[in-house]
$ cat entry-v2.txt   # compact mmCIF, N, CA and C atoms
# COMPACT_ATOMS: atom_id res chain seq x y z
N LEU I 192 -69.40 -43.79 -24.34
CA LEU I 192 -68.50 -44.07 -25.43
C LEU I 192 -69.23 -44.57 -26.67
N TRP I 193 -70.42 -45.11 -26.49
CA TRP I 193 -71.16 -45.65 -27.62
C TRP I 193 -72.06 -44.56 -28.19
N GLN I 194 -72.09 -44.48 -29.49
CA GLN I 194 -72.95 -43.52 -30.17
C GLN I 194 -73.27 -44.04 -31.57
N PRO I 195 -74.31 -43.54 -32.18
CA PRO I 195 -74.60 -43.96 -33.56
C PRO I 195 -73.43 -43.61 -34.49
N TYR I 196 -73.17 -44.49 -35.42
CA TYR I 196 -72.08 -44.32 -36.37
C TYR I 196 -72.16 -42.96 -37.06
N GLU I 197 -73.36 -42.54 -37.44
CA GLU I 197 -73.54 -41.29 -38.17
C GLU I 197 -73.06 -40.07 -37.37
N MET I 198 -73.13 -40.15 -36.05
CA MET I 198 -72.69 -39.03 -35.22
C MET I 198 -71.17 -38.87 -35.22
N ALA I 199 -70.46 -39.90 -35.62
CA ALA I 199 -69.00 -39.87 -35.62
C ALA I 199 -68.42 -39.53 -36.99
N ARG I 200 -69.27 -39.18 -37.94
CA ARG I 200 -68.84 -38.97 -39.33
C ARG I 200 -67.64 -38.01 -39.45
N SER I 201 -67.69 -36.87 -38.79
CA SER I 201 -66.58 -35.91 -38.92
C SER I 201 -65.29 -36.48 -38.34
N ALA I 202 -65.37 -37.19 -37.22
CA ALA I 202 -64.18 -37.80 -36.63
C ALA I 202 -63.63 -38.89 -37.53
N ILE I 203 -64.52 -39.66 -38.15
CA ILE I 203 -64.11 -40.72 -39.07
C ILE I 203 -63.34 -40.11 -40.23
N LEU I 204 -63.86 -39.06 -40.81
CA LEU I 204 -63.20 -38.42 -41.95
C LEU I 204 -61.87 -37.80 -41.57
N GLN I 205 -61.74 -37.34 -40.35
CA GLN I 205 -60.45 -36.78 -39.90
C GLN I 205 -59.38 -37.86 -39.76
N LYS I 206 -59.77 -39.05 -39.37
CA LYS I 206 -58.81 -40.13 -39.13
C LYS I 206 -58.54 -40.99 -40.37
N ALA I 207 -59.50 -41.08 -41.26
CA ALA I 207 -59.37 -41.95 -42.43
C ALA I 207 -58.30 -41.42 -43.38
N LYS I 208 -57.67 -42.34 -44.10
CA LYS I 208 -56.60 -41.99 -45.03
C LYS I 208 -56.92 -42.54 -46.42
N PRO I 209 -56.33 -41.95 -47.46
CA PRO I 209 -56.57 -42.45 -48.81
C PRO I 209 -55.96 -43.83 -49.05
N ILE I 210 -56.59 -44.58 -49.92
CA ILE I 210 -56.11 -45.91 -50.27
C ILE I 210 -54.70 -45.85 -50.86
N SER I 211 -54.38 -44.79 -51.55
CA SER I 211 -53.04 -44.66 -52.14
C SER I 211 -51.96 -44.72 -51.05
N THR I 212 -52.25 -44.22 -49.88
CA THR I 212 -51.32 -44.28 -48.76
C THR I 212 -51.12 -45.73 -48.32
N LEU I 213 -52.20 -46.48 -48.26
CA LEU I 213 -52.12 -47.90 -47.88
C LEU I 213 -51.28 -48.67 -48.90
N LYS I 214 -51.51 -48.41 -50.18
CA LYS I 214 -50.74 -49.10 -51.22
C LYS I 214 -49.25 -48.75 -51.15
N ALA I 215 -48.94 -47.51 -50.86
CA ALA I 215 -47.55 -47.09 -50.77
C ALA I 215 -46.86 -47.73 -49.56
N ARG I 216 -47.58 -47.90 -48.47
CA ARG I 216 -46.99 -48.47 -47.25
C ARG I 216 -46.84 -49.98 -47.32
N PHE I 217 -47.69 -50.64 -48.12
CA PHE I 217 -47.69 -52.10 -48.16
C PHE I 217 -47.66 -52.61 -49.60
N PRO I 218 -46.59 -52.34 -50.33
CA PRO I 218 -46.53 -52.76 -51.73
C PRO I 218 -46.58 -54.29 -51.91
N ALA I 219 -46.18 -55.03 -50.92
CA ALA I 219 -46.23 -56.50 -51.01
C ALA I 219 -47.66 -57.02 -50.84
N GLN I 220 -48.57 -56.17 -50.42
CA GLN I 220 -49.96 -56.58 -50.18
C GLN I 220 -50.94 -56.01 -51.22
N LEU I 221 -50.41 -55.59 -52.38
CA LEU I 221 -51.27 -54.96 -53.39
C LEU I 221 -52.41 -55.87 -53.84
N GLU I 222 -52.17 -57.16 -53.92
CA GLU I 222 -53.22 -58.08 -54.37
C GLU I 222 -54.43 -58.04 -53.44
N ILE I 223 -54.18 -58.12 -52.14
CA ILE I 223 -55.30 -58.11 -51.19
C ILE I 223 -55.96 -56.72 -51.13
N ILE I 224 -55.16 -55.66 -51.26
CA ILE I 224 -55.72 -54.31 -51.27
C ILE I 224 -56.61 -54.12 -52.50
N ASP I 225 -56.13 -54.55 -53.65
CA ASP I 225 -56.93 -54.43 -54.88
C ASP I 225 -58.20 -55.28 -54.80
N LYS I 226 -58.13 -56.42 -54.15
CA LYS I 226 -59.32 -57.25 -53.96
C LYS I 226 -60.35 -56.51 -53.11
N GLY I 227 -59.89 -55.81 -52.09
CA GLY I 227 -60.78 -55.01 -51.25
C GLY I 227 -61.40 -53.87 -52.01
N ILE I 228 -60.62 -53.24 -52.88
CA ILE I 228 -61.15 -52.15 -53.71
C ILE I 228 -62.26 -52.68 -54.61
N ARG I 229 -62.01 -53.82 -55.24
CA ARG I 229 -63.05 -54.41 -56.10
C ARG I 229 -64.31 -54.74 -55.29
N ALA I 230 -64.13 -55.28 -54.09
CA ALA I 230 -65.27 -55.62 -53.24
C ALA I 230 -66.05 -54.36 -52.83
N ALA I 231 -65.35 -53.25 -52.67
CA ALA I 231 -66.01 -52.00 -52.28
C ALA I 231 -66.87 -51.44 -53.41
N GLY I 232 -66.49 -51.72 -54.65
CA GLY I 232 -67.31 -51.31 -55.78
C GLY I 232 -67.16 -49.85 -56.19
N LEU I 233 -66.14 -49.19 -55.70
CA LEU I 233 -65.85 -47.81 -56.09
C LEU I 233 -64.39 -47.71 -56.51
N PRO I 234 -64.05 -46.69 -57.31
CA PRO I 234 -62.64 -46.48 -57.63
C PRO I 234 -61.84 -46.15 -56.36
N ALA I 235 -60.60 -46.52 -56.34
CA ALA I 235 -59.74 -46.27 -55.17
C ALA I 235 -59.73 -44.80 -54.77
N GLU I 236 -59.86 -43.91 -55.73
CA GLU I 236 -59.84 -42.47 -55.46
C GLU I 236 -61.04 -42.01 -54.63
N LYS I 237 -62.09 -42.83 -54.59
CA LYS I 237 -63.30 -42.49 -53.84
C LYS I 237 -63.36 -43.19 -52.48
N LEU I 238 -62.29 -43.93 -52.15
CA LEU I 238 -62.26 -44.71 -50.92
C LEU I 238 -61.25 -44.16 -49.92
N LEU I 239 -61.54 -44.38 -48.66
CA LEU I 239 -60.61 -44.10 -47.58
C LEU I 239 -60.50 -45.37 -46.75
N TYR I 240 -59.48 -45.44 -45.91
CA TYR I 240 -59.35 -46.63 -45.05
C TYR I 240 -59.13 -46.24 -43.61
N LEU I 241 -59.49 -47.17 -42.75
CA LEU I 241 -59.29 -47.05 -41.30
C LEU I 241 -58.91 -48.43 -40.75
N PRO I 242 -58.21 -48.45 -39.62
CA PRO I 242 -57.94 -49.74 -38.98
C PRO I 242 -59.20 -50.26 -38.30
N LEU I 243 -59.31 -51.56 -38.21
CA LEU I 243 -60.39 -52.22 -37.49
C LEU I 243 -59.74 -53.08 -36.42
N TYR I 244 -60.02 -52.78 -35.16
CA TYR I 244 -59.42 -53.50 -34.05
C TYR I 244 -60.29 -54.68 -33.66
N GLY I 245 -59.68 -55.84 -33.58
CA GLY I 245 -60.37 -57.02 -33.08
C GLY I 245 -59.69 -57.49 -31.82
N ARG I 246 -60.20 -58.55 -31.24
CA ARG I 246 -59.60 -59.06 -30.01
C ARG I 246 -58.20 -59.61 -30.23
N LYS I 247 -58.00 -60.25 -31.38
CA LYS I 247 -56.71 -60.91 -31.62
C LYS I 247 -55.97 -60.40 -32.84
N GLU I 248 -56.60 -59.54 -33.62
CA GLU I 248 -55.94 -59.09 -34.86
C GLU I 248 -56.51 -57.75 -35.32
N PHE I 249 -55.82 -57.17 -36.28
CA PHE I 249 -56.25 -55.92 -36.90
C PHE I 249 -56.63 -56.21 -38.35
N TRP I 250 -57.64 -55.54 -38.82
CA TRP I 250 -58.04 -55.58 -40.22
C TRP I 250 -58.08 -54.15 -40.72
N THR I 251 -58.39 -53.99 -42.01
CA THR I 251 -58.54 -52.68 -42.61
C THR I 251 -59.95 -52.56 -43.18
N VAL I 252 -60.57 -51.42 -42.93
CA VAL I 252 -61.92 -51.14 -43.41
C VAL I 252 -61.83 -50.10 -44.51
N PHE I 253 -62.50 -50.36 -45.62
CA PHE I 253 -62.61 -49.39 -46.71
C PHE I 253 -63.96 -48.69 -46.58
N ILE I 254 -63.94 -47.35 -46.64
CA ILE I 254 -65.17 -46.58 -46.54
C ILE I 254 -65.30 -45.63 -47.73
N ASP I 255 -66.54 -45.29 -48.03
CA ASP I 255 -66.85 -44.30 -49.06
C ASP I 255 -66.46 -42.93 -48.51
N GLN I 256 -65.66 -42.18 -49.24
CA GLN I 256 -65.19 -40.89 -48.74
C GLN I 256 -66.32 -39.86 -48.63
N ASP I 257 -67.41 -40.05 -49.34
CA ASP I 257 -68.52 -39.10 -49.30
C ASP I 257 -69.54 -39.41 -48.21
N THR I 258 -69.80 -40.69 -47.98
CA THR I 258 -70.86 -41.08 -47.04
C THR I 258 -70.33 -41.70 -45.75
N THR I 259 -69.08 -42.09 -45.72
CA THR I 259 -68.42 -42.85 -44.65
C THR I 259 -69.03 -44.24 -44.47
N GLN I 260 -69.82 -44.68 -45.42
CA GLN I 260 -70.39 -46.03 -45.37
C GLN I 260 -69.27 -47.06 -45.49
N ILE I 261 -69.30 -48.08 -44.65
CA ILE I 261 -68.34 -49.17 -44.73
C ILE I 261 -68.69 -50.02 -45.94
N LEU I 262 -67.71 -50.22 -46.82
CA LEU I 262 -67.94 -50.95 -48.06
C LEU I 262 -67.24 -52.29 -48.14
N ALA I 263 -66.10 -52.43 -47.48
CA ALA I 263 -65.35 -53.67 -47.55
C ALA I 263 -64.34 -53.72 -46.40
N THR I 264 -63.92 -54.94 -46.09
CA THR I 264 -62.85 -55.14 -45.11
C THR I 264 -61.84 -56.11 -45.70
N ILE I 265 -60.59 -55.95 -45.28
CA ILE I 265 -59.55 -56.87 -45.70
C ILE I 265 -58.71 -57.27 -44.49
N PRO I 266 -58.17 -58.48 -44.49
CA PRO I 266 -57.36 -58.94 -43.35
C PRO I 266 -55.92 -58.42 -43.43
N LEU I 267 -55.78 -57.12 -43.25
CA LEU I 267 -54.47 -56.47 -43.33
C LEU I 267 -54.32 -55.53 -42.13
N ASP I 268 -53.28 -55.70 -41.36
CA ASP I 268 -52.97 -54.81 -40.26
C ASP I 268 -52.39 -53.52 -40.85
N PRO I 269 -53.10 -52.39 -40.80
CA PRO I 269 -52.63 -51.17 -41.44
C PRO I 269 -51.54 -50.44 -40.66
N TYR I 270 -51.10 -51.04 -39.55
CA TYR I 270 -50.02 -50.42 -38.79
C TYR I 270 -48.74 -51.06 -39.18

$ encode --input "entry-v2.txt" --output "structure tokens"
Amino acid sequence: LWQPYEMARSAILQKAKPISTLKARFPAQLEIIDKGIRAAGLPAEKLLYLPLYGRKEFWTVFIDQDTTQILATIPLDPY
């Protein structure tokens, strides 16, 4: 089940969604989403998001849509 992150790039891109979708689903959380976008250092149009599963909570990971590099995380359950 474990593999280098780079080997999962195509699967990551298939599952990741645009930030605009996150903003539309969670309009009450725009402040924290925008803070994550600023932390990522790219325009929202260049970012995708994925859920991050922890033992006790879910977070959201922002990734570069071109490289799949993880750029920022925010404490938001994307479900």

$ residues_around --input "entry-v2.txt" --residues "segment 196-207 of chain I" --least-positions-apart "5" --cutoff "7 Å" --atoms "all atoms listed in the file" --output "list in words"
Leu239, Tyr240, Leu241 and Thr259 of chain I

$ residues_around --input "entry-v2.txt" --residues "Ile210 of chain I" --least-positions-apart "6" --cutoff "8 Å" --atoms "all atoms listed in the file" --output "PyMOL selection string"
chain I and resi 216+235-240

$ write_last_selection --input "entry-v2.txt" --atoms "N, CA and C atoms" --output "PDB file, in the frame of the given file"
ATOM      1  N   ARG I 216     -47.580 -47.900 -48.470  1.00  0.00           N
ATOM      2  CA  ARG I 216     -46.990 -48.470 -47.250  1.00  0.00           C
ATOM      3  C   ARG I 216     -46.840 -49.980 -47.320  1.00  0.00           C
ATOM      4  N   ALA I 235     -60.600 -46.520 -56.340  1.00  0.00           N
ATOM      5  CA  ALA I 235     -59.740 -46.270 -55.170  1.00  0.00           C
ATOM      6  C   ALA I 235     -59.730 -44.800 -54.770  1.00  0.00           C
ATOM      7  N   GLU I 236     -59.860 -43.910 -55.730  1.00  0.00           N
ATOM      8  CA  GLU I 236     -59.840 -42.470 -55.460  1.00  0.00           C
ATOM      9  C   GLU I 236     -61.040 -42.010 -54.630  1.00  0.00           C
ATOM     10  N   LYS I 237     -62.090 -42.830 -54.590  1.00  0.00           N
ATOM     11  CA  LYS I 237     -63.300 -42.490 -53.840  1.00  0.00           C
ATOM     12  C   LYS I 237     -63.360 -43.190 -52.480  1.00  0.00           C
ATOM     13  N   LEU I 238     -62.290 -43.930 -52.150  1.00  0.00           N
ATOM     14  CA  LEU I 238     -62.260 -44.710 -50.920  1.00  0.00           C
ATOM     15  C   LEU I 238     -61.250 -44.160 -49.920  1.00  0.00           C
ATOM     16  N   LEU I 239     -61.540 -44.380 -48.660  1.00  0.00           N
ATOM     17  CA  LEU I 239     -60.610 -44.100 -47.580  1.00  0.00           C
ATOM     18  C   LEU I 239     -60.500 -45.370 -46.750  1.00  0.00           C
ATOM     19  N   TYR I 240     -59.480 -45.440 -45.910  1.00  0.00           N
ATOM     20  CA  TYR I 240     -59.350 -46.630 -45.050  1.00  0.00           C
ATOM     21  C   TYR I 240     -59.130 -46.240 -43.610  1.00  0.00           C
TER      22      TYR I 240
END

$ select_by_dssp --input "entry-v2.txt" --residues "chain I" --states "helix (DSSP H, G or I)" --output "VMD selection string"
chain I and resid 196 to 206 210 to 216 218 to 231 235 to 237

$ select_by_dssp --input "entry-v2.txt" --residues "segment 222-270 of chain I" --states "strand (DSSP E)" --output "PDB file with N, CA and C atoms, in the coordinates of the input"
ATOM      1  N   LEU I 238     -62.290 -43.930 -52.150  1.00  0.00           N
ATOM      2  CA  LEU I 238     -62.260 -44.710 -50.920  1.00  0.00           C
ATOM      3  C   LEU I 238     -61.250 -44.160 -49.920  1.00  0.00           C
ATOM      4  N   LEU I 239     -61.540 -44.380 -48.660  1.00  0.00           N
ATOM      5  CA  LEU I 239     -60.610 -44.100 -47.580  1.00  0.00           C
ATOM      6  C   LEU I 239     -60.500 -45.370 -46.750  1.00  0.00           C
ATOM      7  N   TYR I 240     -59.480 -45.440 -45.910  1.00  0.00           N
ATOM      8  CA  TYR I 240     -59.350 -46.630 -45.050  1.00  0.00           C
ATOM      9  C   TYR I 240     -59.130 -46.240 -43.610  1.00  0.00           C
ATOM     10  N   LEU I 241     -59.490 -47.170 -42.750  1.00  0.00           N
ATOM     11  CA  LEU I 241     -59.290 -47.050 -41.300  1.00  0.00           C
ATOM     12  C   LEU I 241     -58.910 -48.430 -40.750  1.00  0.00           C
ATOM     13  N   PRO I 242     -58.210 -48.450 -39.620  1.00  0.00           N
ATOM     14  CA  PRO I 242     -57.940 -49.740 -38.980  1.00  0.00           C
ATOM     15  C   PRO I 242     -59.200 -50.260 -38.300  1.00  0.00           C
ATOM     16  N   LEU I 243     -59.310 -51.560 -38.210  1.00  0.00           N
ATOM     17  CA  LEU I 243     -60.390 -52.220 -37.490  1.00  0.00           C
ATOM     18  C   LEU I 243     -59.740 -53.080 -36.420  1.00  0.00           C
ATOM     19  N   TYR I 244     -60.020 -52.780 -35.160  1.00  0.00           N
ATOM     20  CA  TYR I 244     -59.420 -53.500 -34.050  1.00  0.00           C
ATOM     21  C   TYR I 244     -60.290 -54.680 -33.660  1.00  0.00           C
ATOM     22  N   PHE I 249     -55.820 -57.170 -36.280  1.00  0.00           N
ATOM     23  CA  PHE I 249     -56.250 -55.920 -36.900  1.00  0.00           C
ATOM     24  C   PHE I 249     -56.630 -56.210 -38.350  1.00  0.00           C
ATOM     25  N   TRP I 250     -57.640 -55.540 -38.820  1.00  0.00           N
ATOM     26  CA  TRP I 250     -58.040 -55.580 -40.220  1.00  0.00           C
ATOM     27  C   TRP I 250     -58.080 -54.150 -40.720  1.00  0.00           C
ATOM     28  N   THR I 251     -58.390 -53.990 -42.010  1.00  0.00           N
ATOM     29  CA  THR I 251     -58.540 -52.680 -42.610  1.00  0.00           C
ATOM     30  C   THR I 251     -59.950 -52.560 -43.180  1.00  0.00           C
ATOM     31  N   VAL I 252     -60.570 -51.420 -42.930  1.00  0.00           N
ATOM     32  CA  VAL I 252     -61.920 -51.140 -43.410  1.00  0.00           C
ATOM     33  C   VAL I 252     -61.830 -50.100 -44.510  1.00  0.00           C
ATOM     34  N   PHE I 253     -62.500 -50.360 -45.620  1.00  0.00           N
ATOM     35  CA  PHE I 253     -62.610 -49.390 -46.710  1.00  0.00           C
ATOM     36  C   PHE I 253     -63.960 -48.690 -46.580  1.00  0.00           C
ATOM     37  N   ILE I 254     -63.940 -47.350 -46.640  1.00  0.00           N
ATOM     38  CA  ILE I 254     -65.170 -46.580 -46.540  1.00  0.00           C
ATOM     39  C   ILE I 254     -65.300 -45.630 -47.730  1.00  0.00           C
ATOM     40  N   ASP I 255     -66.540 -45.290 -48.030  1.00  0.00           N
ATOM     41  CA  ASP I 255     -66.850 -44.300 -49.060  1.00  0.00           C
ATOM     42  C   ASP I 255     -66.460 -42.930 -48.510  1.00  0.00           C
ATOM     43  N   ILE I 261     -69.300 -48.080 -44.650  1.00  0.00           N
ATOM     44  CA  ILE I 261     -68.340 -49.170 -44.730  1.00  0.00           C
ATOM     45  C   ILE I 261     -68.690 -50.020 -45.940  1.00  0.00           C
ATOM     46  N   LEU I 262     -67.710 -50.220 -46.820  1.00  0.00           N
ATOM     47  CA  LEU I 262     -67.940 -50.950 -48.060  1.00  0.00           C
ATOM     48  C   LEU I 262     -67.240 -52.290 -48.140  1.00  0.00           C
ATOM     49  N   ALA I 263     -66.100 -52.430 -47.480  1.00  0.00           N
ATOM     50  CA  ALA I 263     -65.350 -53.670 -47.550  1.00  0.00           C
ATOM     51  C   ALA I 263     -64.340 -53.720 -46.400  1.00  0.00           C
ATOM     52  N   THR I 264     -63.920 -54.940 -46.090  1.00  0.00           N
ATOM     53  CA  THR I 264     -62.850 -55.140 -45.110  1.00  0.00           C
ATOM     54  C   THR I 264     -61.840 -56.110 -45.700  1.00  0.00           C
ATOM     55  N   ILE I 265     -60.590 -55.950 -45.280  1.00  0.00           N
ATOM     56  CA  ILE I 265     -59.550 -56.870 -45.700  1.00  0.00           C
ATOM     57  C   ILE I 265     -58.710 -57.270 -44.490  1.00  0.00           C
TER      58      ILE I 265
END

$ closest_residue --input "entry-v2.txt" --among "I:Pro218, I:Pro234, I:Pro195, I:Pro269" --to "Gln256 of chain I" --atoms "only C-alpha atoms"
I:Pro234

$ residues_around --input "entry-v2.txt" --residues "segment 262-266 of chain I" --least-positions-apart "2" --cutoff "8 Å" --atoms "all atoms listed in the file" --output "list in words"
Ile223, Ile224, Lys226, Gly227, Ile228, Arg229, Ala230, Ala231, Gly232, Phe249, Trp250, Thr251, Val252, Phe253, Ile254, Asp255, Thr259, Gln260, Asp268 and Pro269 of chain I

$ closest_residue --input "entry-v2.txt" --among "I:Trp193, I:Glu248, I:Pro242, I:Lys214" --to "Ile261 of chain I" --atoms "only C-alpha atoms"
I:Pro242

$ axis_aligned_box --input "entry-v2.txt" --around "segment 204-220 of chain I" --padding-each-side "6 Å" --output "lines of an AutoDock Vina configuration file"
center_x = -55.0
center_y = -46.9
center_z = -45.6
size_x = 29.7
size_y = 32.2
size_z = 25.0

$ atom_distance --input "entry-v2.txt" --atom1 "atom C of Leu221 of chain I" --atom2 "atom N of Tyr270 of chain I"
15.1 Å

$ atom_distance --input "entry-v2.txt" --atom1 "atom C of Leu267 of chain I" --atom2 "atom CA of Lys247 of chain I"
12.0 Å

$ atom_distance --input "entry-v2.txt" --atom1 "atom CA of Lys208 of chain I" --atom2 "atom N of Leu243 of chain I"
12.1 Å

$ build_atoms --input "entry-v2.txt" --residues "segment 258-268 of chain I" --atoms "all heavy atoms" --output "PDB file, in the coordinates of the input"
ATOM      1  N   THR I 258     -69.800 -40.690 -47.980  1.00  0.00           N
ATOM      2  CA  THR I 258     -70.860 -41.080 -47.040  1.00  0.00           C
ATOM      3  C   THR I 258     -70.330 -41.700 -45.750  1.00  0.00           C
ATOM      4  O   THR I 258     -71.093 -41.866 -44.812  1.00  0.00           O
ATOM      5  CB  THR I 258     -71.808 -42.093 -47.699  1.00  0.00           C
ATOM      6  OG1 THR I 258     -71.087 -43.307 -47.933  1.00  0.00           O
ATOM      7  CG2 THR I 258     -72.397 -41.549 -48.982  1.00  0.00           C
ATOM      8  N   THR I 259     -69.080 -42.090 -45.720  1.00  0.00           N
ATOM      9  CA  THR I 259     -68.420 -42.850 -44.650  1.00  0.00           C
ATOM     10  C   THR I 259     -69.030 -44.240 -44.470  1.00  0.00           C
ATOM     11  O   THR I 259     -68.762 -44.916 -43.489  1.00  0.00           O
ATOM     12  CB  THR I 259     -68.375 -42.120 -43.287  1.00  0.00           C
ATOM     13  OG1 THR I 259     -69.686 -41.969 -42.770  1.00  0.00           O
ATOM     14  CG2 THR I 259     -67.657 -40.798 -43.392  1.00  0.00           C
ATOM     15  N   GLN I 260     -69.820 -44.680 -45.420  1.00  0.00           N
ATOM     16  CA  GLN I 260     -70.390 -46.030 -45.370  1.00  0.00           C
ATOM     17  C   GLN I 260     -69.270 -47.060 -45.490  1.00  0.00           C
ATOM     18  O   GLN I 260     -68.378 -46.927 -46.323  1.00  0.00           O
ATOM     19  CB  GLN I 260     -71.385 -46.226 -46.498  1.00  0.00           C
ATOM     20  CG  GLN I 260     -71.997 -47.608 -46.524  1.00  0.00           C
ATOM     21  CD  GLN I 260     -72.948 -47.806 -47.684  1.00  0.00           C
ATOM     22  OE1 GLN I 260     -73.160 -46.915 -48.494  1.00  0.00           O
ATOM     23  NE2 GLN I 260     -73.503 -48.993 -47.778  1.00  0.00           N
ATOM     24  N   ILE I 261     -69.300 -48.080 -44.650  1.00  0.00           N
ATOM     25  CA  ILE I 261     -68.340 -49.170 -44.730  1.00  0.00           C
ATOM     26  C   ILE I 261     -68.690 -50.020 -45.940  1.00  0.00           C
ATOM     27  O   ILE I 261     -69.823 -50.481 -46.076  1.00  0.00           O
ATOM     28  CB  ILE I 261     -68.367 -50.016 -43.439  1.00  0.00           C
ATOM     29  CG1 ILE I 261     -67.931 -49.148 -42.255  1.00  0.00           C
ATOM     30  CG2 ILE I 261     -67.474 -51.246 -43.590  1.00  0.00           C
ATOM     31  CD1 ILE I 261     -68.115 -49.809 -40.914  1.00  0.00           C
ATOM     32  N   LEU I 262     -67.710 -50.220 -46.820  1.00  0.00           N
ATOM     33  CA  LEU I 262     -67.940 -50.950 -48.060  1.00  0.00           C
ATOM     34  C   LEU I 262     -67.240 -52.290 -48.140  1.00  0.00           C
ATOM     35  O   LEU I 262     -67.707 -53.197 -48.812  1.00  0.00           O
ATOM     36  CB  LEU I 262     -67.521 -50.082 -49.256  1.00  0.00           C
ATOM     37  CG  LEU I 262     -68.246 -48.743 -49.395  1.00  0.00           C
ATOM     38  CD1 LEU I 262     -67.648 -47.946 -50.536  1.00  0.00           C
ATOM     39  CD2 LEU I 262     -69.732 -48.958 -49.605  1.00  0.00           C
ATOM     40  N   ALA I 263     -66.100 -52.430 -47.480  1.00  0.00           N
ATOM     41  CA  ALA I 263     -65.350 -53.670 -47.550  1.00  0.00           C
ATOM     42  C   ALA I 263     -64.340 -53.720 -46.400  1.00  0.00           C
ATOM     43  O   ALA I 263     -63.982 -52.699 -45.818  1.00  0.00           O
ATOM     44  CB  ALA I 263     -64.606 -53.777 -48.878  1.00  0.00           C
ATOM     45  N   THR I 264     -63.920 -54.940 -46.090  1.00  0.00           N
ATOM     46  CA  THR I 264     -62.850 -55.140 -45.110  1.00  0.00           C
ATOM     47  C   THR I 264     -61.840 -56.110 -45.700  1.00  0.00           C
ATOM     48  O   THR I 264     -62.185 -56.949 -46.530  1.00  0.00           O
ATOM     49  CB  THR I 264     -63.391 -55.732 -43.790  1.00  0.00           C
ATOM     50  OG1 THR I 264     -64.027 -56.971 -44.063  1.00  0.00           O
ATOM     51  CG2 THR I 264     -64.361 -54.787 -43.110  1.00  0.00           C
ATOM     52  N   ILE I 265     -60.590 -55.950 -45.280  1.00  0.00           N
ATOM     53  CA  ILE I 265     -59.550 -56.870 -45.700  1.00  0.00           C
ATOM     54  C   ILE I 265     -58.710 -57.270 -44.490  1.00  0.00           C
ATOM     55  O   ILE I 265     -58.545 -56.478 -43.557  1.00  0.00           O
ATOM     56  CB  ILE I 265     -58.636 -56.284 -46.812  1.00  0.00           C
ATOM     57  CG1 ILE I 265     -57.948 -55.004 -46.353  1.00  0.00           C
ATOM     58  CG2 ILE I 265     -59.435 -56.060 -48.091  1.00  0.00           C
ATOM     59  CD1 ILE I 265     -56.888 -54.487 -47.320  1.00  0.00           C
ATOM     60  N   PRO I 266     -58.170 -58.480 -44.490  1.00  0.00           N
ATOM     61  CA  PRO I 266     -57.360 -58.940 -43.350  1.00  0.00           C
ATOM     62  C   PRO I 266     -55.920 -58.420 -43.430  1.00  0.00           C
ATOM     63  O   PRO I 266     -54.979 -59.165 -43.681  1.00  0.00           O
ATOM     64  CB  PRO I 266     -57.422 -60.464 -43.467  1.00  0.00           C
ATOM     65  CG  PRO I 266     -57.564 -60.705 -44.937  1.00  0.00           C
ATOM     66  CD  PRO I 266     -58.392 -59.555 -45.442  1.00  0.00           C
ATOM     67  N   LEU I 267     -55.780 -57.120 -43.250  1.00  0.00           N
ATOM     68  CA  LEU I 267     -54.470 -56.470 -43.330  1.00  0.00           C
ATOM     69  C   LEU I 267     -54.320 -55.530 -42.130  1.00  0.00           C
ATOM     70  O   LEU I 267     -55.181 -54.670 -41.917  1.00  0.00           O
ATOM     71  CB  LEU I 267     -54.328 -55.682 -44.625  1.00  0.00           C
ATOM     72  CG  LEU I 267     -53.076 -54.822 -44.776  1.00  0.00           C
ATOM     73  CD1 LEU I 267     -51.828 -55.708 -44.876  1.00  0.00           C
ATOM     74  CD2 LEU I 267     -53.172 -53.934 -45.992  1.00  0.00           C
ATOM     75  N   ASP I 268     -53.280 -55.700 -41.360  1.00  0.00           N
ATOM     76  CA  ASP I 268     -52.970 -54.810 -40.260  1.00  0.00           C
ATOM     77  C   ASP I 268     -52.390 -53.520 -40.850  1.00  0.00           C
ATOM     78  O   ASP I 268     -51.277 -53.526 -41.371  1.00  0.00           O
ATOM     79  CB  ASP I 268     -51.969 -55.475 -39.321  1.00  0.00           C
ATOM     80  CG  ASP I 268     -51.593 -54.621 -38.135  1.00  0.00           C
ATOM     81  OD1 ASP I 268     -51.872 -53.400 -38.124  1.00  0.00           O
ATOM     82  OD2 ASP I 268     -51.000 -55.170 -37.196  1.00  0.00           O
TER      83      ASP I 268
END
